[in-house]
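Okay, structure-v2.pdb now, which holds PDB, C-alpha atoms, pLDDT in the B column:
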ATOM      1  CA  MET A   1      19.052  45.098 -12.206  1.00 47.00           C
ATOM      2  CA  SER A   2      18.417  43.758  -8.699  1.00 55.00           C
ATOM      3  CA  ASN A   3      14.648  44.100  -9.233  1.00 69.00           C
ATOM      4  CA  ASN A   4      14.858  41.771 -12.236  1.00 82.00           C
ATOM      5  CA  GLN A   5      16.824  39.141 -10.254  1.00 85.00           C
ATOM      6  CA  ARG A   6      14.284  39.285  -7.459  1.00 84.00           C
ATOM      7  CA  LYS A   7      11.457  38.979  -9.969  1.00 80.00           C
ATOM      8  CA  ASP A   8      13.211  36.041 -11.681  1.00 78.00           C
ATOM      9  CA  ARG A   9      13.705  34.222  -8.346  1.00 81.00           C
ATOM     10  CA  PHE A  10      10.065  34.832  -7.492  1.00 80.00           C
ATOM     11  CA  LEU A  11       8.866  33.504 -10.832  1.00 73.00           C
ATOM     12  CA  GLN A  12      11.096  30.430 -10.500  1.00 78.00           C
ATOM     13  CA  SER A  13       9.618  29.708  -7.072  1.00 75.00           C
ATOM     14  CA  ILE A  14       6.053  29.392  -8.373  1.00 78.00           C
ATOM     15  CA  PRO A  15       5.014  25.704  -8.602  1.00 71.00           C
ATOM     16  CA  GLN A  16       4.603  24.455 -12.176  1.00 73.00           C
ATOM     17  CA  ALA A  17       2.903  21.139 -11.372  1.00 66.00           C
ATOM     18  CA  SER A  18      -0.838  20.856 -11.836  1.00 66.00           C
ATOM     19  CA  ILE A  19      -3.398  18.150 -11.223  1.00 67.00           C
ATOM     20  CA  ASP A  20      -4.787  18.967 -14.670  1.00 67.00           C
ATOM     21  CA  ASN A  21      -1.570  18.146 -16.569  1.00 66.00           C
ATOM     22  CA  ASP A  22      -0.420  15.076 -14.597  1.00 64.00           C
ATOM     23  CA  PRO A  23      -1.821  12.140 -16.620  1.00 69.00           C
ATOM     24  CA  GLY A  24      -1.364   9.535 -13.867  1.00 75.00           C
ATOM     25  CA  PHE A  25      -2.500  11.564 -10.881  1.00 74.00           C
ATOM     26  CA  ALA A  26      -5.918   9.936 -10.395  1.00 80.00           C
ATOM     27  CA  GLN A  27      -4.514   6.435 -10.944  1.00 87.00           C
ATOM     28  CA  ARG A  28      -1.884   6.524  -8.207  1.00 88.00           C
ATOM     29  CA  ALA A  29      -2.212   3.892  -5.498  1.00 92.00           C
ATOM     30  CA  LYS A  30      -3.271   4.991  -2.048  1.00 95.00           C
ATOM     31  CA  PHE A  31      -2.394   3.356   1.265  1.00 96.00           C
ATOM     32  CA  ASN A  32      -4.774   3.386   4.228  1.00 96.00           C
ATOM     33  CA  PHE A  33      -3.700   2.235   7.704  1.00 95.00           C
ATOM     34  CA  SER A  34      -7.095   2.509   9.456  1.00 95.00           C
ATOM     35  CA  PHE A  35      -7.400  -1.323   9.626  1.00 95.00           C
ATOM     36  CA  PHE A  36      -3.837  -1.833  10.893  1.00 94.00           C
ATOM     37  CA  CYS A  37      -3.420  -4.213  13.796  1.00 91.00           C
ATOM     38  CA  ALA A  38      -0.613  -6.025  15.580  1.00 81.00           C
ATOM     39  CA  GLY A  39      -0.681  -8.533  18.386  1.00 73.00           C
ATOM     40  CA  GLU A  40      -0.382 -12.192  19.214  1.00 65.00           C
ATOM     41  CA  ASP A  41      -2.578 -13.245  16.248  1.00 67.00           C
ATOM     42  CA  ALA A  42      -1.071 -10.715  13.876  1.00 73.00           C
ATOM     43  CA  GLY A  43       2.103  -9.257  12.448  1.00 79.00           C
ATOM     44  CA  GLU A  44       4.531  -6.860  14.010  1.00 87.00           C
ATOM     45  CA  ASN A  45       3.921  -3.381  15.296  1.00 90.00           C
ATOM     46  CA  PHE A  46       5.839  -0.327  14.069  1.00 91.00           C
ATOM     47  CA  GLN A  47       8.030  -0.209  17.176  1.00 90.00           C
ATOM     48  CA  ASP A  48       9.044  -3.859  16.565  1.00 89.00           C
ATOM     49  CA  TRP A  49      10.912  -2.818  13.415  1.00 91.00           C
ATOM     50  CA  GLU A  50      14.370  -1.284  13.343  1.00 92.00           C
ATOM     51  CA  HIS A  51      14.581   2.328  12.218  1.00 94.00           C
ATOM     52  CA  SER A  52      16.274   1.366   8.940  1.00 92.00           C
ATOM     53  CA  LYS A  53      13.522  -1.172   8.188  1.00 92.00           C
ATOM     54  CA  LEU A  54      10.809   1.461   8.757  1.00 93.00           C
ATOM     55  CA  CYS A  55      12.685   3.917   6.527  1.00 94.00           C
ATOM     56  CA  GLY A  56      12.850   1.239   3.836  1.00 92.00           C
ATOM     57  CA  LEU A  57       9.101   0.680   4.124  1.00 94.00           C
ATOM     58  CA  LEU A  58       8.368   4.395   3.761  1.00 95.00           C
ATOM     59  CA  HIS A  59      10.603   4.627   0.686  1.00 95.00           C
ATOM     60  CA  LYS A  60       8.777   1.657  -0.853  1.00 94.00           C
ATOM     61  CA  LEU A  61       5.376   3.234  -0.111  1.00 96.00           C
ATOM     62  CA  LYS A  62       6.560   6.442  -1.788  1.00 96.00           C
ATOM     63  CA  ASP A  63       7.605   4.448  -4.858  1.00 95.00           C
ATOM     64  CA  TYR A  64       4.486   2.271  -4.894  1.00 95.00           C
ATOM     65  CA  GLY A  65       2.301   5.378  -4.698  1.00 94.00           C
ATOM     66  CA  ARG A  66       3.573   6.536  -8.109  1.00 93.00           C
ATOM     67  CA  GLU A  67       1.602   3.874  -9.982  1.00 94.00           C
ATOM     68  CA  SER A  68      -1.781   2.148  -9.734  1.00 94.00           C
ATOM     69  CA  LEU A  69      -2.412  -1.064  -7.808  1.00 95.00           C
ATOM     70  CA  GLN A  70      -3.043  -2.805 -11.143  1.00 95.00           C
ATOM     71  CA  HIS A  71       0.429  -1.786 -12.293  1.00 95.00           C
ATOM     72  CA  TRP A  72       2.035  -3.427  -9.235  1.00 96.00           C
ATOM     73  CA  GLN A  73      -0.007  -6.598  -9.782  1.00 95.00           C
ATOM     74  CA  ARG A  74       1.683  -6.929 -13.178  1.00 94.00           C
ATOM     75  CA  GLU A  75       5.191  -5.849 -12.097  1.00 93.00           C
ATOM     76  CA  THR A  76       7.395  -8.905 -11.572  1.00 91.00           C
ATOM     77  CA  ALA A  77       9.525  -9.355  -8.469  1.00 86.00           C
ATOM     78  CA  GLY A  78      11.637 -12.307  -7.435  1.00 75.00           C
ATOM     79  CA  LYS A  79      11.728 -15.539  -9.382  1.00 78.00           C
ATOM     80  CA  SER A  80       8.035 -16.041 -10.008  1.00 76.00           C
ATOM     81  CA  GLY A  81       6.082 -13.390  -8.139  1.00 86.00           C
ATOM     82  CA  THR A  82       4.824  -9.870  -8.503  1.00 92.00           C
ATOM     83  CA  VAL A  83       5.252  -6.771  -6.368  1.00 94.00           C
ATOM     84  CA  LEU A  84       1.560  -6.936  -5.396  1.00 96.00           C
ATOM     85  CA  ALA A  85      -0.219 -10.282  -5.154  1.00 94.00           C
ATOM     86  CA  ILE A  86      -3.955 -10.414  -4.490  1.00 95.00           C
ATOM     87  CA  TYR A  87      -4.993 -13.787  -3.066  1.00 91.00           C
ATOM     88  CA  GLY A  88      -8.700 -13.170  -2.663  1.00 88.00           C
ATOM     89  CA  GLY A  89      -9.713 -14.857   0.580  1.00 90.00           C
ATOM     90  CA  PHE A  90      -7.684 -15.045   3.752  1.00 90.00           C
ATOM     91  CA  PRO A  91      -5.006 -17.739   3.207  1.00 88.00           C
ATOM     92  CA  LEU A  92      -5.499 -21.133   4.819  1.00 87.00           C
ATOM     93  CA  ARG A  93      -1.763 -21.530   5.448  1.00 85.00           C
ATOM     94  CA  SER A  94      -1.138 -18.511   7.650  1.00 88.00           C
ATOM     95  CA  GLU A  95       0.205 -17.853  11.133  1.00 87.00           C
ATOM     96  CA  PHE A  96      -2.144 -14.862  11.314  1.00 89.00           C
ATOM     97  CA  LYS A  97      -5.839 -14.733  12.174  1.00 89.00           C
ATOM     98  CA  HIS A  98      -8.488 -12.842  10.204  1.00 90.00           C
ATOM     99  CA  PRO A  99      -9.221  -9.729  12.310  1.00 91.00           C
ATOM    100  CA  LYS A 100     -12.900  -9.294  13.113  1.00 91.00           C
ATOM    101  CA  HIS A 101     -12.808  -5.596  12.135  1.00 92.00           C
ATOM    102  CA  VAL A 102     -11.776  -6.342   8.525  1.00 94.00           C
ATOM    103  CA  PRO A 103     -14.780  -6.622   6.167  1.00 94.00           C
ATOM    104  CA  HIS A 104     -15.659 -10.107   4.954  1.00 93.00           C
ATOM    105  CA  GLN A 105     -15.607  -8.806   1.347  1.00 94.00           C
ATOM    106  CA  ALA A 106     -11.896  -7.957   1.628  1.00 95.00           C
ATOM    107  CA  ARG A 107      -9.670  -9.286  -1.154  1.00 96.00           C
ATOM    108  CA  TRP A 108      -6.509 -10.108   0.768  1.00 96.00           C
ATOM    109  CA  GLY A 109      -3.064  -9.564  -0.665  1.00 95.00           C
ATOM    110  CA  ARG A 110       0.455  -8.398   0.012  1.00 94.00           C
ATOM    111  CA  PHE A 111       3.093  -5.987  -1.230  1.00 95.00           C
ATOM    112  CA  ARG A 112       6.623  -7.342  -1.415  1.00 92.00           C
ATOM    113  CA  ILE A 113       8.929  -5.002   0.518  1.00 91.00           C
ATOM    114  CA  ASP A 114      12.134  -7.052   0.345  1.00 87.00           C
ATOM    115  CA  GLN A 115      13.116 -10.697   0.141  1.00 83.00           C
ATOM    116  CA  ALA A 116      11.044 -11.882   3.133  1.00 84.00           C
ATOM    117  CA  THR A 117       9.200  -8.746   4.274  1.00 88.00           C
ATOM    118  CA  ARG A 118       5.592  -8.146   3.260  1.00 90.00           C
ATOM    119  CA  LEU A 119       2.997  -5.426   3.771  1.00 94.00           C
ATOM    120  CA  VAL A 120      -0.262  -7.337   4.157  1.00 95.00           C
ATOM    121  CA  GLY A 121      -3.733  -5.983   3.643  1.00 96.00           C
ATOM    122  CA  PHE A 122      -6.671  -5.941   1.299  1.00 97.00           C
ATOM    123  CA  ILE A 123      -8.355  -4.156  -1.568  1.00 97.00           C
ATOM    124  CA  LEU A 124     -12.036  -3.743  -2.318  1.00 96.00           C
ATOM    125  CA  PRO A 125     -13.653  -6.150  -4.763  1.00 95.00           C
ATOM    126  CA  PRO A 126     -14.075  -4.738  -8.295  1.00 93.00           C
ATOM    127  CA  GLU A 127     -17.865  -4.620  -7.971  1.00 94.00           C
ATOM    128  CA  TYR A 128     -17.424  -1.632  -5.607  1.00 94.00           C
ATOM    129  CA  GLU A 129     -15.762   0.477  -8.332  1.00 92.00           C
ATOM    130  CA  GLY A 130     -17.897   3.545  -9.037  1.00 91.00           C
ATOM    131  CA  LYS A 131     -20.317   2.811  -6.185  1.00 94.00           C
ATOM    132  CA  ARG A 132     -21.122   5.001  -3.232  1.00 93.00           C
ATOM    133  CA  ASP A 133     -20.982   4.119   0.441  1.00 93.00           C
ATOM    134  CA  PRO A 134     -24.668   3.926   1.445  1.00 92.00           C
ATOM    135  CA  LEU A 135     -23.941   5.518   4.842  1.00 93.00           C
ATOM    136  CA  SER A 136     -21.691   8.451   3.867  1.00 94.00           C
ATOM    137  CA  GLY A 137     -22.371   8.861   0.160  1.00 93.00           C
ATOM    138  CA  ALA A 138     -18.616   8.909  -0.547  1.00 93.00           C
ATOM    139  CA  MET A 139     -17.271   6.974  -3.522  1.00 93.00           C
ATOM    140  CA  PHE A 140     -15.531   3.661  -2.835  1.00 94.00           C
ATOM    141  CA  ASP A 141     -11.937   3.574  -4.077  1.00 92.00           C
ATOM    142  CA  CYS A 142     -10.706   0.294  -5.550  1.00 93.00           C
ATOM    143  CA  ASN A 143      -7.205   1.741  -5.960  1.00 94.00           C
ATOM    144  CA  THR A 144      -6.547   1.823  -2.201  1.00 96.00           C
ATOM    145  CA  PHE A 145      -4.549  -0.825  -0.365  1.00 97.00           C
ATOM    146  CA  TYR A 146      -5.797  -1.152   3.225  1.00 97.00           C
ATOM    147  CA  VAL A 147      -2.793  -2.142   5.336  1.00 96.00           C
ATOM    148  CA  VAL A 148      -3.594  -4.651   8.100  1.00 95.00           C
ATOM    149  CA  PHE A 149      -0.284  -6.341   9.006  1.00 93.00           C
ATOM    150  CA  LEU A 150       3.461  -5.836   8.884  1.00 93.00           C
ATOM    151  CA  ASP A 151       4.998  -9.211   8.098  1.00 90.00           C
ATOM    152  CA  GLN A 152       8.763  -9.170   8.495  1.00 87.00           C
ATOM    153  CA  GLU A 153       9.271 -12.932   8.112  1.00 84.00           C
ATOM    154  CA  HIS A 154       6.744 -13.966   5.431  1.00 82.00           C
ATOM    155  CA  ARG A 155       4.367 -15.609   7.922  1.00 83.00           C
ATOM    156  CA  PHE A 156       1.055 -14.342   6.500  1.00 84.00           C
ATOM    157  CA  TYR A 157       0.949 -16.564   3.443  1.00 81.00           C
ATOM    158  CA  LYS A 158       3.250 -19.503   4.106  1.00 72.00           C
ATOM    159  CA  THR A 159       4.470 -21.016   0.882  1.00 68.00           C
ATOM    160  CA  GLU A 160       6.645 -23.691   2.482  1.00 58.00           C
ATOM    161  CA  PRO A 161       6.746 -25.194   5.982  1.00 53.00           C
ATOM    162  CA  ARG A 162       9.225 -23.655   8.428  1.00 48.00           C
TER     163      ARG A 162
END
Take the structure in this file and express it as structure tokens.
Amino acid sequence: MSNNQRKDRFLQSIPQASIDNDPGFAQRAKFNFSFFCAGEDAGENFQDWEHSKLCGLLHKLKDYGRESLQHWQRETAGKSGTVLAIYGGFPLRSEFKHPKHVPHQARWGRFRIDQATRLVGFILPPEYEGKRDPLSGAMFDCNTFYVVFLDQEHRFYKTEPR
């Protein structure tokens, strides 16, 4: 009898999930922080945020990673916005400066974290979908959001004068 219980516990411990039977696996958004910067011409650094604020950000990233970037561009948030807004070029009305290490082809945008807090970064233009990096041969991924700034007070894209 005890052998059967041990066997049953063992069988229950084997993972059932599979990449092959998860229909949305390949479409899930990815977040890359390799372009992240903070300083006098940029947003905040991680240590500038309270612990609870950082925890909130990580929970949002976990949730946002369950769907594609296109999904979040359609998902409404607030009175007239979306969870993810892609602006295209760097906004003219911004307290931030375009970092020199961010590619000129970047399509700038932001994720809404809470009422005033934004995660600012960029995506690749659609013409890179399915293309390979000429230097590494790796495929470009247009479903990755490259995080550049933490914006706790909505200063990246100013919609009204403060």
Practice task
Return as a ChimeraX atom specification the set of residues that the PyMOL selection byres ((chain A and resi 153) around 8) yields on the displayed structure.
Solution key: /A:116-118,151-152,154-155
Handout entry: Nearest residue to Phe145 in chain A from the set A:Pro15, A:Gly121, A:Gly89, A:Gly130 (distances using only C-alpha atoms)
Key = A:Gly121
Problem - Between CA of Gly65 in chain A and CA of Ala26 in chain A, distance in Å (one decimal) - result: 11.0 Å
Handout entry: Atomic separation - CA of Val148 in chain A relative to CA of Asp114 in chain A, Å
Key =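 Distance reported for this atom pair: 17.7 Å.
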Exercise for the section: Could you tell me which residues the PyMOL selection byres ((chain A and resi 94-108) around 12) returns for this structure, as number ranges by chain? Expected result: A: 33-44, 84-93, 109-111, 119-128, 142, 144-151, 153-162
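CA of Gly78 in chain A to CA of His51 in chain A spans 24.7 Å [interatomic distance, one decimal].
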Practice task
Apply the PyMOL selection byres ((chain A and resi 73) around 7) to the file shown and report the selected residues as a PyMOL selection string.
Solution key: chain A and resi 69-72+74-75+82-85
